[in-house]
Amino acid sequence: MPSSKTRAAAVAVSLFALASAAKGTVQCHPSPAIPVPATTAGVYVNLVTGVNATTPAGAPNWDFNPWGSSSINFWLNNSADPAGNPDGNVAASAGGTLLVLSSGATIDATSFYSTETPNATAMAPWRTTQTGKYLGVRFYNETTASTNYGWIQIDTVSPTTGLPATIQSWCYQDDGTGITAGTSPVELETFTVE
């Protein structure tokens with residue numbers, strides 16, 4: 001008969017496996033940073049594959065497009081998932097000003113999203129100097145065939161235009177549940193059960 005320590009360890013491993021199977025995975029694309037060209041094309045980024053290019057064809061199924069020759073703008077590929085949820089940026093209200101999120105902010109189905117063409121009012125918080133802040137996003141993940149929630153860490157420089165800008169990193173939760181801005185995966189470390 002197995003000892004109580006062995007049984008406890010087996011139970012702990014089983015519970016961890018069940019919790020892991022029921023929970024999605026945070027997917028991240030850290031450095032190298034992606035500079036945003038100060039052009040009307042900007043850069044197109046597929047948030048799932050990490051592919052980026054200065055043309056939509058260069059980044060198939062692109063999700064995010066920061067652009068602007070005189071001031072920064074954010075555009076999401078407005079592809080809707082089968083449930084009809086269009087891609088969007090976290091905003092103060094539906095179609096309102098895009099929020100500049102700090103680490104720890106929640107991004108999920110209860111957030112407001114702007115799915116419209118960016119304008120000066122909506123972009124005002126990002127057309128300034130922002131470092132280490134996050135844009136919350138909702139986008140359709142073709143791989144999982146579901147709406148995913150994520151964050152994009154973007155640095156902007158100019159206090160009046162937000163240019164130049166740099167995408168530093170991004171993460172998203174691949175199972176359709178929410179995510180906390182700044183969250184990234186933690187590797188399981190060795191542990192013992194006593």
# chains A, B, ... in the order shown; residues from 1 in each chain; ligands from 1

$ closest_atom_pairs --of "region 58-117 of chain A" --to "region 170-175 of chain A" --cutoff "12 Å" --atoms "only C-alpha atoms" --output "tab-separated table"
residue	atom	partner	partner_atom	distance
A:Phe64	CA	A:Trp170	CA	11.0
A:Thr106	CA	A:Gln173	CA	11.9
A:Ile107	CA	A:Tyr172	CA	9.7
A:Asp108	CA	A:Gln173	CA	9.7

$ residues_around --residues "Asp63 (chain A)" --least-positions-apart "4" --cutoff "7 Å" --atoms "only C-alpha atoms" --output "MDAnalysis selection string"
chainID A and resid 45:47 76:77 139

$ write_last_selection --atoms "N, CA and C atoms" --output "PDB file, in the first residue's frame"
ATOM      1  N   VAL A  45       0.014  43.449 -37.360  1.00  0.00           N
ATOM      2  CA  VAL A  45       0.504  42.408 -36.453  1.00  0.00           C
ATOM      3  C   VAL A  45      -0.555  41.332 -36.276  1.00  0.00           C
ATOM      4  N   ASN A  46      -0.147  40.080 -36.483  1.00  0.00           N
ATOM      5  CA  ASN A  46      -0.997  38.944 -36.154  1.00  0.00           C
ATOM      6  C   ASN A  46      -0.670  38.590 -34.706  1.00  0.00           C
ATOM      7  N   LEU A  47      -1.611  38.821 -33.791  1.00  0.00           N
ATOM      8  CA  LEU A  47      -1.353  38.612 -32.364  1.00  0.00           C
ATOM      9  C   LEU A  47      -1.171  37.152 -31.994  1.00  0.00           C
ATOM     10  N   LEU A  76      -7.990  47.758 -35.324  1.00  0.00           N
ATOM     11  CA  LEU A  76      -8.059  46.310 -35.223  1.00  0.00           C
ATOM     12  C   LEU A  76      -8.804  45.784 -36.435  1.00  0.00           C
ATOM     13  N   ASN A  77      -8.349  44.651 -36.949  1.00  0.00           N
ATOM     14  CA  ASN A  77      -9.019  44.011 -38.076  1.00  0.00           C
ATOM     15  C   ASN A  77     -10.425  43.680 -37.604  1.00  0.00           C
ATOM     16  N   PHE A 139     -10.100  40.207 -29.712  1.00  0.00           N
ATOM     17  CA  PHE A 139      -9.880  39.840 -31.107  1.00  0.00           C
ATOM     18  C   PHE A 139     -10.275  38.391 -31.349  1.00  0.00           C
TER      19      PHE A 139
END

$ select_by_dssp --residues "region 19-161 of chain A" --states "strand (DSSP E or B)" --output "PyMOL selection string"
chain A and resi 26-29+34-36+44-45+52-53+64-67+73-76+80+86+88-91+98+101+106-107+112-114+130-141+146-156

$ closest_residue --among "A:Thr177, A:Thr97, A:Ser69, A:Asn52" --to "Gly24 (chain A)" --atoms "only C-alpha atoms"
A:Thr177

$ residues_around --residues "region 28-37 of chain A" --least-positions-apart "3" --cutoff "9 Å" --atoms "only C-alpha atoms" --output "PyMOL selection string"
chain A and resi 40-43+47-50+52+54+66-69+163-173+184-185

$ residues_around --residues "Ser158 (chain A)" --least-positions-apart "2" --cutoff "12 Å" --atoms "only C-alpha atoms" --output "number ranges by chain"
A: 70-72, 124-131, 155-156, 160-166

$ write_last_selection --atoms "N, CA, C and O atoms" --output "tab-separated table (two decimals), in the first residue's frame"
chain	number	residue	atom	x	y	z
A	70	SER	N	1.16	61.56	-38.87
A	70	SER	CA	1.26	62.78	-38.07
A	70	SER	C	0.89	62.55	-36.61
A	70	SER	O	1.32	63.31	-35.74
A	71	SER	N	0.10	61.52	-36.31
A	71	SER	CA	-0.21	61.14	-34.93
A	71	SER	C	-0.65	59.68	-34.91
A	71	SER	O	-1.12	59.15	-35.90
A	72	ILE	N	-0.47	59.04	-33.75
A	72	ILE	CA	-0.71	57.60	-33.64
A	72	ILE	C	-2.21	57.27	-33.70
A	72	ILE	O	-3.04	58.01	-33.19
A	124	ALA	N	-6.88	60.38	-27.98
A	124	ALA	CA	-6.21	61.42	-27.18
A	124	ALA	C	-5.33	60.87	-26.06
A	124	ALA	O	-4.19	61.34	-25.90
A	125	PRO	N	-5.76	59.88	-25.27
A	125	PRO	CA	-4.90	59.39	-24.19
A	125	PRO	C	-3.59	58.74	-24.67
A	125	PRO	O	-2.63	58.67	-23.93
A	126	TRP	N	-3.59	58.26	-25.92
A	126	TRP	CA	-2.40	57.62	-26.47
A	126	TRP	C	-1.55	58.59	-27.28
A	126	TRP	O	-0.42	58.27	-27.63
A	127	ARG	N	-2.06	59.75	-27.61
A	127	ARG	CA	-1.30	60.75	-28.36
A	127	ARG	C	-0.55	61.65	-27.39
A	127	ARG	O	-0.63	62.87	-27.43
A	128	THR	N	0.16	61.01	-26.53
A	128	THR	CA	0.99	61.65	-25.51
A	128	THR	C	2.10	60.68	-25.16
A	128	THR	O	2.19	59.61	-25.74
A	129	THR	N	2.94	61.02	-24.23
A	129	THR	CA	4.01	60.11	-23.83
A	129	THR	C	3.46	59.08	-22.87
A	129	THR	O	2.92	59.43	-21.81
A	130	GLN	N	3.56	57.82	-23.23
A	130	GLN	CA	3.12	56.69	-22.39
A	130	GLN	C	4.23	55.64	-22.41
A	130	GLN	O	4.67	55.22	-23.47
A	131	THR	N	4.66	55.24	-21.23
A	131	THR	CA	5.69	54.20	-21.13
A	131	THR	C	5.22	53.14	-20.14
A	131	THR	O	4.77	53.48	-19.05
A	155	ASP	N	4.76	51.73	-26.07
A	155	ASP	CA	5.39	52.97	-25.61
A	155	ASP	C	5.21	54.02	-26.69
A	155	ASP	O	5.46	53.76	-27.88
A	156	THR	N	4.74	55.20	-26.29
A	156	THR	CA	4.63	56.34	-27.20
A	156	THR	C	5.52	57.44	-26.66
A	156	THR	O	5.77	57.51	-25.46
A	160	THR	N	2.40	65.20	-27.90
A	160	THR	CA	1.25	65.71	-28.67
A	160	THR	C	0.77	64.76	-29.77
A	160	THR	O	-0.37	64.86	-30.19
A	161	THR	N	1.63	63.83	-30.23
A	161	THR	CA	1.23	62.95	-31.33
A	161	THR	C	1.31	61.46	-30.99
A	161	THR	O	0.73	60.63	-31.68
A	162	GLY	N	2.07	61.11	-29.95
A	162	GLY	CA	2.27	59.69	-29.63
A	162	GLY	C	3.29	59.00	-30.51
A	162	GLY	O	3.54	57.81	-30.36
A	163	LEU	N	3.89	59.73	-31.43
A	163	LEU	CA	4.91	59.16	-32.32
A	163	LEU	C	6.30	59.65	-31.91
A	163	LEU	O	6.41	60.77	-31.42
A	164	PRO	N	7.32	58.87	-32.09
A	164	PRO	CA	7.27	57.48	-32.54
A	164	PRO	C	6.70	56.57	-31.46
A	164	PRO	O	6.68	56.91	-30.28
A	165	ALA	N	6.26	55.40	-31.88
A	165	ALA	CA	5.69	54.42	-30.97
A	165	ALA	C	6.36	53.07	-31.18
A	165	ALA	O	6.87	52.79	-32.27
A	166	THR	N	6.34	52.25	-30.14
A	166	THR	CA	6.95	50.92	-30.20
A	166	THR	C	6.08	49.92	-29.47
A	166	THR	O	5.66	50.17	-28.34

$ atom_distance --atom1 "CA of Thr144 (chain A)" --atom2 "CA of Val26 (chain A)"
13.0 Å

$ select_by_dssp --residues "chain A" --states "helix (DSSP H, G or I)" --output "ChimeraX atom specification"
/A:4-22,56-58,120-126

$ closest_residue --among "A:Asn73, A:Glu142, A:Pro159, A:Gln153" --to "Ala120 (chain A)" --atoms "only C-alpha atoms"
A:Asn73

$ residues_around --residues "Val100 (chain A)" --least-positions-apart "2" --cutoff "10 Å" --atoms "only C-alpha atoms" --output "PyMOL selection string"
chain A and resi 90-92+97-98+102+105+123+125-126+130+132-136+153-154
